Amino acid sequence: MLDTIILVLDSTFRLSTPLLFACLAGLFSERSGIVDIGLEGKILGAAFAAAAAAYVFQSPWIGLLAGIGVSVLLALVHGFASITQRGNQVVSGVAINFLAAGLTVLLGQAWFSQGGRTPALPKTSRFGNIELPFAEALKDVPVLGPIYYDLISGHNILVYASFAAVPLVWWIVFRTRFGLRLRAVGENPSAADTAGLSVTLLRYRATIICGILCGFSGAYLSIAQGAGFIKDMSAGKGFIALAALIFAKWKPVNAMFTCLLFGFLDALAIRLQGQEIPGIGEVPVQVFQALPYVLTVVLLAGFIGRAIPPRASGIPYVKERT
Amino acid sequence: MSKGQLPRWVDYGLLPALNLIAAFIVSGLVVVVIGEDPFEAVKWLVWGALGYGEGVGYTLYYATNFIFTGLAVAVAFHAGLFNIGGEGQAYVGGLGIAIACLALDRFVPWWVTLPFAIAGGALFGAAWAFIPAYLQAKRGSHIVITTIMFNFIASALMVYLLSNVLIPQGTMSPSTRNFEAGGQLPLLRNVFTTLDFGQSPVNLAFFIALVVCVVVWLLIWHTKLGYEIRSFGANPDAAAYAGISPVRITVVTMLISGALAGLMGMNVVMGEQTRLLLDFAGGAGFVGIAVALMGRGHPVGIILASLLFGLLYQGGAELAFEIPTISRDMIVVIQALVILFAGALEHMFRPAVVAFFDRFSSETAEA
């Protein structure tokens with residue numbers, strides 16, 4: 001029994017990580033007032049760039065950097081459209097999702113000729129699993145031993161990084177001057193502008209941070225969890241992250257728990273596939289797949305608490321009317 | 001004409017054209033990056049879409065899908081609502097069409113099934129748009145987010161239904177059985193035998209789409225409801241002050257929008273495939289966004305934009321065949337760039353064009 005629980009929780013961590021990075025990414029963007037439904041595209045673009053670069057340079061670190069680079073580039077396109085050009089942010093996000101979906105496969109096919117995949121990465125070009133100190137020694141301690149050895153130890157560095165990012169993001173958003181200003185432009189940009197802050201600059205910085213974090217998310221998929229890029233490998237994770245962000249009410253610690261919950265649902269779906277639950281019978285795997293979205297809709301409807309987005313989100317800031 | 005304003009032909013003709021050209025130039029650069037000749041690519045693309053009968057047939061077939069989804073997005077736009085859930089509504093609408101066909105196809109000819117299929121598609125599509133609409137109107141949850149969520153819920157639901165409920169016994173592929181003749185729309189290649197449509201699946205749904213365009217045009221610009229929709233979209237507060245119920249307009253507009261998206265299945269489910277299968281909407285719901293943006297929400301514009309995208313889809317397939325390094329995903333890239341330039345960056349060239357016309361008009365005024 002304990003083994004099964006540990007197994008499910010273990011894969012929960014692995015499945016939550018890309019969601020968590022993307023969710024924190026969206027948090028920066030939306031807190032600054034830029035709605036970002038292009039998380040999905042940035043993850044996908046980063047996953048491709050990371051896998052391609054890791055393959056060519058045979059280093060996961062260069063892969064990670066390339067992933068971040070591409071993701072930031074896409075974020076800047078979104079920033080240019082929604083901040084400088086004051087375009088529709090939803091439309092821009094849709095465009096970025098398509099751009100990534102098309103370009104990754106197109107370039108993948110043109111460069112590697114494997115139907116849009118990148119070549120399989122050897123172990124040395126990926127982020128391997130890290131064994132934490134004393135894991136081997138403590139393995140045989142009852143209960144705590146397996147928990148430490150199987151559950152906490154033995155993940156790759158990005159898994160730990162994603163959870164370490166949570167307190168960091170909390171501190172940046174709620175305890176630094178930058179964070180205060182970030183939230184100010186998301187709630188009331190004209191007041192922030194009156195106080196002498198550049199709304200444009202702050203929002204650009206937020207979108208760039210968003211791009212960096214999405215880069216981590218994408219790199220995780222292709223060079224840590226997986227061993228190469230596969231067409232459409234983000235498979236809606238950007239949208240689940242968006243749902244998680246709303247579910248978490250735009251707060252970092254809530255975001256972590258929501259991503260763990262959604263990751264757990266995913267892990268449970270894989271575990272329970274084709275198995276009977278006593279008293280209920282077989283639950284179709286699609287129920288678990290749809291559950292994050294259903295929960296988010298229920299939350300948005302205000303039946304379990306209230307999710308109120310940053311006030312200026314989605315509204316381009318116009319400094320002066322001419 | 002006052003300063004800073006543009007003549008209508010510039011607003012509705014020149015600016016969209018400039019945006020489109022920008023999108024195509026960037027697409028051309030992508031082709032250059034891949035190491036192919038963009039002009040060669042354009043040649044194959046246009047030839048594949050318009051060069052022979054079957055290509056034209058396919059172009060019209062794809063365009064039919066986009067007319068339906070484009071109208072769906074456009075109607076919602078007129079009320080200031082962003083319906084990003086056309087994909088899910090089309091998918092679920094297909095279920096309504098399939099149910100009508102499965103129930104009737106063995107007993108009656110296709111033209112008896114037709115009204116039931118149309119009603120089924122519209123009803124199911126509208127139903128799928130109802131919850132997001134109601135939540136937006138009554139509980140203030142943002143329609144963009146809820147319709148995105150409903151796309152995914154629709155996908156999970158349809159996978160379940162197709163692989164567990166609708167699948168005929170003894171088969172492995174998740175789809176319904178093939179409809180008999182009573183559940184099939186006539187193909188144009190069998191109706192207009194003098195025209196050469198090759199083996200293309202363009203069917204009666206193309207004409208249904210054109211009729212729907214007229215209906216939407218009448219609805220939006222020539223009925224009280226249409227006036228209310230447009231007023232609400234232009235200024236919700238003023239509309240509410242004038243006695244237009246925001247809840248009613250939001251829900252009714254989204255029902256119409258969902259119904260239009262739901263009709264897309266007429267073309268694919270009842271026209272081409274003659275069965276309901278996984279993912280038949282294939283992204284057409286999202287192309288609808290691009291089509292509605294480019295067509296500026298007007299049915300005539302939407303038809304033109306749909307033809308353009310139909311051309312890209314069919315031509316892109318031909319292009320991928322002739323130049324294998326440019327895979328079909330090139331269309332997705334072009335589509336993305338069109339959405340980006342015609343949608344999100346639509347005002348990018350405006351200041352320059354306004355400045356040009358201001359100088360031009362002041363010169364003529366002095367002379």
# chains A, B, ... in the order shown; residues from 1 in each chain; ligands from 1
$ select_by_dssp --residues "region 107-267 of chain A" --states "strand (DSSP E or B)" --output "VMD selection string"
chain A and resid 129 to 130 155 to 156
$ interface_residues --of "chain B" --to "chain A" --cutoff "6 Å" --atoms "only C-alpha atoms" --output "list in words"
Leu135, Arg139, Ser141, Met149, Ile153, Ala156, Thr325, Ser327, Asp329, Val332, Val333, Ala336, Ile339, Leu340, Ala344 and Leu345 of chain B
$ closest_residue --among "A:Ala269, A:Val253, A:Leu201, A:Ala46" --to "Ala164 (chain A)" --atoms "only C-alpha atoms"
A:Val253
$ residues_around --residues "Ser306 (chain B)" --least-positions-apart "3" --cutoff "9 Å" --atoms "only C-alpha atoms" --output "list in words"
Leu60, Tyr62, Ala63, Thr64, Asn65, Phe66, Ile67, Gly70, Val287, Gly288, Val291, Ala292, Gly295, Gly301, Ile302, Ile303, Phe309, Gly310 and Leu311 of chain B
$ select_by_dssp --residues "region 82-236 of chain B" --states "helix (DSSP H, G or I)" --output "NGL selection string"
:B and (86-104 or 110-139 or 143-165 or 181-183 or 188-191 or 205-222 or 224-234 or 236)
$ atom_distance --atom1 "CA of Ala238 (chain B)" --atom2 "CA of Ile220 (chain B)"
18.5 Å
$ residues_around --residues "region 208-217 of chain B" --least-positions-apart "3" --cutoff "8 Å" --atoms "only C-alpha atoms" --output "list of chain:residue names"
B:Thr64, B:Ile67, B:Phe68, B:Leu71, B:Val75, B:Leu204, B:Ala205, B:Ile220, B:Trp221, B:His222, B:His298, B:Pro299, B:Val300
$ write_last_selection --atoms "N, CA and C atoms" --output "compact mmCIF listing (two decimals), in the first residue's frame"
# COMPACT_ATOMS: atom_id res chain seq x y z
N THR B 64 -15.34 25.96 -46.51
CA THR B 64 -16.65 25.77 -45.89
C THR B 64 -16.53 25.68 -44.37
N ILE B 67 -15.81 29.13 -42.94
CA ILE B 67 -16.94 30.07 -42.97
C ILE B 67 -17.77 29.88 -41.71
N PHE B 68 -18.07 28.62 -41.39
CA PHE B 68 -18.89 28.36 -40.19
C PHE B 68 -18.21 28.87 -38.93
N LEU B 71 -17.81 32.74 -38.86
CA LEU B 71 -19.06 33.42 -38.51
C LEU B 71 -19.31 33.31 -37.01
N VAL B 75 -19.81 36.71 -34.86
CA VAL B 75 -21.05 37.09 -34.18
C VAL B 75 -20.77 37.44 -32.72
N LEU B 204 -22.64 19.73 -50.43
CA LEU B 204 -23.73 20.68 -50.28
C LEU B 204 -23.52 21.66 -49.14
N ALA B 205 -22.75 21.26 -48.14
CA ALA B 205 -22.51 22.13 -46.98
C ALA B 205 -21.93 23.48 -47.40
N ILE B 220 -27.45 40.44 -38.12
CA ILE B 220 -26.62 41.45 -37.45
C ILE B 220 -27.00 42.87 -37.86
N TRP B 221 -27.32 43.07 -39.15
CA TRP B 221 -27.53 44.44 -39.63
C TRP B 221 -28.98 44.81 -39.93
N HIS B 222 -29.86 43.83 -39.88
CA HIS B 222 -31.24 44.15 -40.27
C HIS B 222 -32.30 43.64 -39.30
N HIS B 298 -17.51 40.84 -41.04
CA HIS B 298 -18.56 40.92 -42.05
C HIS B 298 -18.60 39.64 -42.87
N PRO B 299 -19.82 39.10 -43.14
CA PRO B 299 -19.90 37.84 -43.88
C PRO B 299 -19.13 37.84 -45.19
N VAL B 300 -19.15 38.96 -45.94
CA VAL B 300 -18.42 38.98 -47.21
C VAL B 300 -16.92 38.83 -46.94
$ atom_distance --atom1 "CA of Asp11 (chain B)" --atom2 "CA of Phe349 (chain B)"
11.1 Å
$ residues_around --residues "Pro133 (chain A)" --least-positions-apart "5" --cutoff "12 Å" --atoms "only C-alpha atoms" --output "PyMOL selection string"
chain A and resi 138-139+148-149+152-154
$ residues_around --residues "Phe178 (chain A)" --least-positions-apart "4" --cutoff "10 Å" --atoms "only C-alpha atoms" --output "PyMOL selection string"
chain A and resi 172-174+182-184+202+205-206
$ residues_around --residues "region 60-76 of chain A" --least-positions-apart "5" --cutoff "8 Å" --atoms "only C-alpha atoms" --output "ChimeraX atom specification"
/A:42-43,45-55,96,124-127,204,207-216,218-219,223
$ write_last_selection --atoms "C-alpha atoms" --output "short mmCIF file (atom, residue, chain, number, x, y, z; two decimals), in the first residue's frame"
data_model
loop_
_atom_site.label_atom_id
_atom_site.label_comp_id
_atom_site.auth_asym_id
_atom_site.auth_seq_id
_atom_site.Cartn_x
_atom_site.Cartn_y
_atom_site.Cartn_z
CA LYS A 42 6.22 29.17 -25.14
CA ILE A 43 6.53 25.77 -23.42
CA GLY A 45 8.93 26.37 -28.38
CA ALA A 46 11.28 25.99 -25.42
CA ALA A 47 10.94 22.20 -25.45
CA PHE A 48 11.98 22.09 -29.10
CA ALA A 49 14.85 24.54 -28.76
CA ALA A 50 16.13 22.78 -25.64
CA ALA A 51 16.09 19.35 -27.28
CA ALA A 52 17.67 20.63 -30.50
CA ALA A 53 20.43 22.54 -28.73
CA ALA A 54 21.10 19.74 -26.23
CA TYR A 55 21.48 17.37 -29.14
CA ILE A 96 1.96 32.47 -30.36
CA THR A 124 24.79 12.83 -20.96
CA SER A 125 22.75 15.42 -22.86
CA ARG A 126 19.87 15.30 -20.39
CA PHE A 127 19.32 16.32 -16.81
CA TYR A 204 8.10 44.07 -20.37
CA THR A 207 6.76 39.16 -19.73
CA ILE A 208 10.49 38.41 -19.92
CA ILE A 209 10.39 36.65 -16.53
CA CYS A 210 7.35 34.79 -17.80
CA GLY A 211 9.38 33.70 -20.82
CA ILE A 212 12.30 32.52 -18.67
CA LEU A 213 10.05 30.36 -16.48
CA CYS A 214 8.23 28.90 -19.48
CA GLY A 215 11.67 28.07 -20.86
CA PHE A 216 12.35 25.95 -17.78
CA GLY A 218 9.64 23.36 -21.84
CA ALA A 219 13.23 22.25 -21.22
CA ILE A 223 15.55 17.16 -21.88
#
$ closest_residue --among "B:Ile229, B:Leu15, B:Ile97, B:Leu307" --to "Leu81 (chain B)" --atoms "only C-alpha atoms"
B:Ile229
$ decode --residues "region 16-59 of chain B" --atoms "N, CA and C atoms" --output "PDB file, in the first residue's frame"
ATOM      1  N   PRO B  16      -5.802  45.989 -43.952  1.00  0.00           N
ATOM      2  CA  PRO B  16      -5.751  44.521 -43.883  1.00  0.00           C
ATOM      3  C   PRO B  16      -4.785  43.930 -44.905  1.00  0.00           C
ATOM      4  N   ALA B  17      -4.731  44.546 -46.090  1.00  0.00           N
ATOM      5  CA  ALA B  17      -3.819  44.037 -47.119  1.00  0.00           C
ATOM      6  C   ALA B  17      -2.374  44.176 -46.657  1.00  0.00           C
ATOM      7  N   LEU B  18      -2.043  45.340 -46.065  1.00  0.00           N
ATOM      8  CA  LEU B  18      -0.676  45.542 -45.566  1.00  0.00           C
ATOM      9  C   LEU B  18      -0.332  44.504 -44.502  1.00  0.00           C
ATOM     10  N   ASN B  19      -1.288  44.256 -43.579  1.00  0.00           N
ATOM     11  CA  ASN B  19      -1.055  43.269 -42.530  1.00  0.00           C
ATOM     12  C   ASN B  19      -0.802  41.890 -43.128  1.00  0.00           C
ATOM     13  N   LEU B  20      -1.616  41.570 -44.127  1.00  0.00           N
ATOM     14  CA  LEU B  20      -1.498  40.267 -44.771  1.00  0.00           C
ATOM     15  C   LEU B  20      -0.148  40.133 -45.464  1.00  0.00           C
ATOM     16  N   ILE B  21       0.249  41.216 -46.150  1.00  0.00           N
ATOM     17  CA  ILE B  21       1.527  41.185 -46.855  1.00  0.00           C
ATOM     18  C   ILE B  21       2.667  40.980 -45.854  1.00  0.00           C
ATOM     19  N   ALA B  22       2.577  41.683 -44.721  1.00  0.00           N
ATOM     20  CA  ALA B  22       3.613  41.514 -43.691  1.00  0.00           C
ATOM     21  C   ALA B  22       3.688  40.061 -43.235  1.00  0.00           C
ATOM     22  N   ALA B  23       2.509  39.455 -43.005  1.00  0.00           N
ATOM     23  CA  ALA B  23       2.478  38.050 -42.569  1.00  0.00           C
ATOM     24  C   ALA B  23       3.121  37.152 -43.622  1.00  0.00           C
ATOM     25  N   PHE B  24       2.840  37.440 -44.906  1.00  0.00           N
ATOM     26  CA  PHE B  24       3.391  36.596 -45.969  1.00  0.00           C
ATOM     27  C   PHE B  24       4.893  36.795 -46.114  1.00  0.00           C
ATOM     28  N   ILE B  25       5.341  38.039 -45.911  1.00  0.00           N
ATOM     29  CA  ILE B  25       6.785  38.283 -46.020  1.00  0.00           C
ATOM     30  C   ILE B  25       7.526  37.485 -44.946  1.00  0.00           C
ATOM     31  N   VAL B  26       6.995  37.524 -43.713  1.00  0.00           N
ATOM     32  CA  VAL B  26       7.655  36.772 -42.643  1.00  0.00           C
ATOM     33  C   VAL B  26       7.593  35.269 -42.935  1.00  0.00           C
ATOM     34  N   SER B  27       6.453  34.815 -43.466  1.00  0.00           N
ATOM     35  CA  SER B  27       6.352  33.399 -43.844  1.00  0.00           C
ATOM     36  C   SER B  27       7.412  33.050 -44.882  1.00  0.00           C
ATOM     37  N   GLY B  28       7.612  33.971 -45.831  1.00  0.00           N
ATOM     38  CA  GLY B  28       8.634  33.757 -46.851  1.00  0.00           C
ATOM     39  C   GLY B  28      10.013  33.635 -46.231  1.00  0.00           C
ATOM     40  N   LEU B  29      10.262  34.467 -45.208  1.00  0.00           N
ATOM     41  CA  LEU B  29      11.556  34.396 -44.527  1.00  0.00           C
ATOM     42  C   LEU B  29      11.746  33.035 -43.858  1.00  0.00           C
ATOM     43  N   VAL B  30      10.648  32.510 -43.292  1.00  0.00           N
ATOM     44  CA  VAL B  30      10.731  31.181 -42.674  1.00  0.00           C
ATOM     45  C   VAL B  30      11.154  30.146 -43.718  1.00  0.00           C
ATOM     46  N   VAL B  31      10.563  30.259 -44.916  1.00  0.00           N
ATOM     47  CA  VAL B  31      10.923  29.329 -45.994  1.00  0.00           C
ATOM     48  C   VAL B  31      12.402  29.488 -46.347  1.00  0.00           C
ATOM     49  N   VAL B  32      12.884  30.729 -46.368  1.00  0.00           N
ATOM     50  CA  VAL B  32      14.301  30.970 -46.665  1.00  0.00           C
ATOM     51  C   VAL B  32      15.182  30.314 -45.602  1.00  0.00           C
ATOM     52  N   VAL B  33      14.763  30.432 -44.326  1.00  0.00           N
ATOM     53  CA  VAL B  33      15.529  29.832 -43.226  1.00  0.00           C
ATOM     54  C   VAL B  33      15.652  28.322 -43.418  1.00  0.00           C
ATOM     55  N   ILE B  34      14.573  27.717 -43.891  1.00  0.00           N
ATOM     56  CA  ILE B  34      14.603  26.276 -44.119  1.00  0.00           C
ATOM     57  C   ILE B  34      15.523  25.927 -45.290  1.00  0.00           C
ATOM     58  N   GLY B  35      15.780  26.941 -46.119  1.00  0.00           N
ATOM     59  CA  GLY B  35      16.689  26.707 -47.225  1.00  0.00           C
ATOM     60  C   GLY B  35      15.996  26.406 -48.534  1.00  0.00           C
ATOM     61  N   GLU B  36      14.748  26.864 -48.660  1.00  0.00           N
ATOM     62  CA  GLU B  36      14.046  26.668 -49.925  1.00  0.00           C
ATOM     63  C   GLU B  36      13.726  28.025 -50.538  1.00  0.00           C
ATOM     64  N   ASP B  37      13.284  27.996 -51.794  1.00  0.00           N
ATOM     65  CA  ASP B  37      12.974  29.220 -52.507  1.00  0.00           C
ATOM     66  C   ASP B  37      11.513  29.599 -52.252  1.00  0.00           C
ATOM     67  N   PRO B  38      11.262  30.753 -51.600  1.00  0.00           N
ATOM     68  CA  PRO B  38       9.881  31.110 -51.280  1.00  0.00           C
ATOM     69  C   PRO B  38       8.997  31.273 -52.518  1.00  0.00           C
ATOM     70  N   PHE B  39       9.566  31.760 -53.634  1.00  0.00           N
ATOM     71  CA  PHE B  39       8.730  31.972 -54.821  1.00  0.00           C
ATOM     72  C   PHE B  39       8.297  30.640 -55.428  1.00  0.00           C
ATOM     73  N   GLU B  40       9.224  29.692 -55.378  1.00  0.00           N
ATOM     74  CA  GLU B  40       8.902  28.332 -55.805  1.00  0.00           C
ATOM     75  C   GLU B  40       7.765  27.775 -54.936  1.00  0.00           C
ATOM     76  N   ALA B  41       7.870  28.054 -53.628  1.00  0.00           N
ATOM     77  CA  ALA B  41       6.866  27.561 -52.682  1.00  0.00           C
ATOM     78  C   ALA B  41       5.501  28.169 -52.997  1.00  0.00           C
ATOM     79  N   VAL B  42       5.484  29.474 -53.256  1.00  0.00           N
ATOM     80  CA  VAL B  42       4.215  30.143 -53.565  1.00  0.00           C
ATOM     81  C   VAL B  42       3.611  29.558 -54.836  1.00  0.00           C
ATOM     82  N   LYS B  43       4.488  29.296 -55.802  1.00  0.00           N
ATOM     83  CA  LYS B  43       4.020  28.734 -57.076  1.00  0.00           C
ATOM     84  C   LYS B  43       3.287  27.415 -56.835  1.00  0.00           C
ATOM     85  N   TRP B  44       3.892  26.507 -56.070  1.00  0.00           N
ATOM     86  CA  TRP B  44       3.264  25.208 -55.796  1.00  0.00           C
ATOM     87  C   TRP B  44       1.995  25.364 -54.977  1.00  0.00           C
ATOM     88  N   LEU B  45       2.061  26.321 -54.040  1.00  0.00           N
ATOM     89  CA  LEU B  45       0.907  26.535 -53.170  1.00  0.00           C
ATOM     90  C   LEU B  45      -0.307  26.963 -53.981  1.00  0.00           C
ATOM     91  N   VAL B  46      -0.103  27.946 -54.854  1.00  0.00           N
ATOM     92  CA  VAL B  46      -1.231  28.458 -55.641  1.00  0.00           C
ATOM     93  C   VAL B  46      -1.678  27.411 -56.652  1.00  0.00           C
ATOM     94  N   TRP B  47      -0.712  26.733 -57.251  1.00  0.00           N
ATOM     95  CA  TRP B  47      -1.090  25.712 -58.226  1.00  0.00           C
ATOM     96  C   TRP B  47      -1.872  24.591 -57.545  1.00  0.00           C
ATOM     97  N   GLY B  48      -1.410  24.189 -56.375  1.00  0.00           N
ATOM     98  CA  GLY B  48      -2.073  23.098 -55.663  1.00  0.00           C
ATOM     99  C   GLY B  48      -3.498  23.441 -55.275  1.00  0.00           C
ATOM    100  N   ALA B  49      -3.730  24.721 -55.019  1.00  0.00           N
ATOM    101  CA  ALA B  49      -5.062  25.114 -54.563  1.00  0.00           C
ATOM    102  C   ALA B  49      -5.993  25.462 -55.712  1.00  0.00           C
ATOM    103  N   LEU B  50      -5.450  26.030 -56.783  1.00  0.00           N
ATOM    104  CA  LEU B  50      -6.322  26.549 -57.845  1.00  0.00           C
ATOM    105  C   LEU B  50      -6.000  26.004 -59.227  1.00  0.00           C
ATOM    106  N   GLY B  51      -4.919  25.260 -59.350  1.00  0.00           N
ATOM    107  CA  GLY B  51      -4.436  24.871 -60.662  1.00  0.00           C
ATOM    108  C   GLY B  51      -5.245  23.805 -61.367  1.00  0.00           C
ATOM    109  N   TYR B  52      -6.015  23.031 -60.613  1.00  0.00           N
ATOM    110  CA  TYR B  52      -6.780  21.959 -61.255  1.00  0.00           C
ATOM    111  C   TYR B  52      -8.053  21.729 -60.450  1.00  0.00           C
ATOM    112  N   GLY B  53      -9.001  21.034 -61.072  1.00  0.00           N
ATOM    113  CA  GLY B  53     -10.339  20.896 -60.500  1.00  0.00           C
ATOM    114  C   GLY B  53     -10.373  20.350 -59.092  1.00  0.00           C
ATOM    115  N   GLU B  54      -9.639  19.286 -58.861  1.00  0.00           N
ATOM    116  CA  GLU B  54      -9.680  18.662 -57.544  1.00  0.00           C
ATOM    117  C   GLU B  54      -9.137  19.609 -56.468  1.00  0.00           C
ATOM    118  N   GLY B  55      -8.089  20.360 -56.842  1.00  0.00           N
ATOM    119  CA  GLY B  55      -7.524  21.336 -55.904  1.00  0.00           C
ATOM    120  C   GLY B  55      -8.555  22.387 -55.531  1.00  0.00           C
ATOM    121  N   VAL B  56      -9.261  22.898 -56.540  1.00  0.00           N
ATOM    122  CA  VAL B  56     -10.300  23.891 -56.288  1.00  0.00           C
ATOM    123  C   VAL B  56     -11.362  23.301 -55.372  1.00  0.00           C
ATOM    124  N   GLY B  57     -11.738  22.063 -55.639  1.00  0.00           N
ATOM    125  CA  GLY B  57     -12.739  21.395 -54.815  1.00  0.00           C
ATOM    126  C   GLY B  57     -12.317  21.327 -53.358  1.00  0.00           C
ATOM    127  N   TYR B  58     -11.077  20.928 -53.136  1.00  0.00           N
ATOM    128  CA  TYR B  58     -10.576  20.858 -51.760  1.00  0.00           C
ATOM    129  C   TYR B  58     -10.527  22.243 -51.122  1.00  0.00           C
ATOM    130  N   THR B  59     -10.091  23.244 -51.907  1.00  0.00           N
ATOM    131  CA  THR B  59     -10.042  24.609 -51.380  1.00  0.00           C
ATOM    132  C   THR B  59     -11.421  25.030 -50.876  1.00  0.00           C
TER     133      THR B  59
END
